[in-house]
Amino acid sequence: GIAMAILIITVLALAVLSRILITPERVKKVILPIVEDTLRRKVSLEDVKVSLFSGILLKNLVIQERTGSEPFAVVDNFILRYRFWPLFTLQVIIDEILLEKPRIRVVRFPDGKFNFSDLLNNSKDNPVNPKTEDRSGESLISKRLVPLNLLISKIYVKNGEFVFLDHSLKAAKPTQYKLTDVEIKARNISLLS
């Protein structure tokens, strides 16, 4: 009886902690500006669902091209699964990432540069996005409300689609390559800052 009571209290405490630490509003207000500031691109999100047992579901995640003209990447369902026990220490550790139906559009321009070249360039010329600063001028990136350790044990990509448009061949129309039904599995990834 005591063991069952402890188990029920633990599950209820985890449910309350996950609802307090990881709310849809917090994801939209804190995480999206950090992602936009990091990528220097507009990022939108249709819906956020947080569940104690199934993790965080981001529906229809869209990362725009640098010019904002069309999507660079669209993910129907972006699922983050986190570990339960670190919630007691007020940490969110992402354990597994699942991308369902991601569509990525890569373009090579006539000058040989790619539409993602700016993502690889960590130039200091790019100013901090004002949306990611609070009233005191402190960056929200350095002032996280919840510590986030990106120790990812598994990443899955299901039903992915990659389109490559090559404008560098100077043809009337760009050469197009398309990969569909892409499945990728990766394990034991650590992102260090």
# chains A, B, ... in the order shown; residues from 1 in each chain; ligands from 1
>>> residues_around(residues="Ile155 in chain A", least_positions_apart="2", cutoff="7 Å", atoms="only C-alpha atoms", output="number ranges by chain")
A: 96-98, 157, 185-187
>>> select_by_dssp(residues="range 48-109 of chain A", states="strand (DSSP E or B)", output="number ranges by chain")
A: 48-51, 55-64, 71-82, 92-108
>>> closest_residue(among="A:Asn115, A:Val62, A:Ile93, A:Ala3", to="Val35 in chain A", atoms="only C-alpha atoms")
A:Val62
>>> decode(residues="range 24-40 of chain A", atoms="N, CA, C and O atoms", output="short mmCIF file (atom, residue, chain, number, x, y, z; two decimals), in the first residue's frame")
data_model
loop_
_atom_site.label_atom_id
_atom_site.label_comp_id
_atom_site.auth_asym_id
_atom_site.auth_seq_id
_atom_site.Cartn_x
_atom_site.Cartn_y
_atom_site.Cartn_z
N PRO A 24 2.81 25.12 -23.10
CA PRO A 24 2.78 25.60 -24.48
C PRO A 24 3.13 27.08 -24.59
O PRO A 24 3.84 27.49 -25.51
N GLU A 25 2.67 27.87 -23.64
CA GLU A 25 2.95 29.30 -23.67
C GLU A 25 4.44 29.56 -23.51
O GLU A 25 5.02 30.41 -24.18
N ARG A 26 5.09 28.82 -22.61
CA ARG A 26 6.54 29.00 -22.40
C ARG A 26 7.32 28.59 -23.63
O ARG A 26 8.28 29.25 -24.01
N VAL A 27 6.91 27.51 -24.27
CA VAL A 27 7.59 27.07 -25.49
C VAL A 27 7.49 28.16 -26.55
O VAL A 27 8.49 28.52 -27.19
N LYS A 28 6.29 28.72 -26.73
CA LYS A 28 6.11 29.75 -27.76
C LYS A 28 6.81 31.06 -27.40
O LYS A 28 7.39 31.71 -28.26
N LYS A 29 6.77 31.46 -26.13
CA LYS A 29 7.34 32.75 -25.74
C LYS A 29 8.84 32.70 -25.52
O LYS A 29 9.51 33.71 -25.69
N VAL A 30 9.38 31.56 -25.12
CA VAL A 30 10.81 31.49 -24.80
C VAL A 30 11.59 30.75 -25.89
O VAL A 30 12.59 31.26 -26.39
N ILE A 31 11.14 29.58 -26.25
CA ILE A 31 11.92 28.75 -27.17
C ILE A 31 11.90 29.29 -28.60
O ILE A 31 12.95 29.37 -29.25
N LEU A 32 10.72 29.70 -29.11
CA LEU A 32 10.66 30.19 -30.49
C LEU A 32 11.57 31.40 -30.74
O LEU A 32 12.29 31.43 -31.73
N PRO A 33 11.57 32.41 -29.85
CA PRO A 33 12.51 33.53 -30.08
C PRO A 33 13.97 33.10 -30.04
O PRO A 33 14.79 33.63 -30.78
N ILE A 34 14.31 32.12 -29.21
CA ILE A 34 15.69 31.64 -29.16
C ILE A 34 16.04 30.95 -30.48
O ILE A 34 17.12 31.17 -31.04
N VAL A 35 15.12 30.14 -31.00
CA VAL A 35 15.36 29.47 -32.27
C VAL A 35 15.47 30.50 -33.40
O VAL A 35 16.37 30.42 -34.24
N GLU A 36 14.57 31.49 -33.42
CA GLU A 36 14.63 32.54 -34.44
C GLU A 36 15.94 33.31 -34.36
O GLU A 36 16.55 33.63 -35.38
N ASP A 37 16.38 33.63 -33.15
CA ASP A 37 17.62 34.38 -32.98
C ASP A 37 18.81 33.54 -33.42
O ASP A 37 19.74 34.05 -34.05
N THR A 38 18.81 32.27 -33.09
CA THR A 38 19.91 31.39 -33.47
C THR A 38 19.98 31.20 -34.98
O THR A 38 21.05 31.29 -35.58
N LEU A 39 18.83 30.97 -35.60
CA LEU A 39 18.79 30.72 -37.05
C LEU A 39 18.75 32.00 -37.87
O LEU A 39 19.01 31.97 -39.07
N ARG A 40 18.37 33.12 -37.23
CA ARG A 40 18.17 34.40 -37.91
C ARG A 40 17.15 34.26 -39.05
O ARG A 40 17.31 34.78 -40.13
#
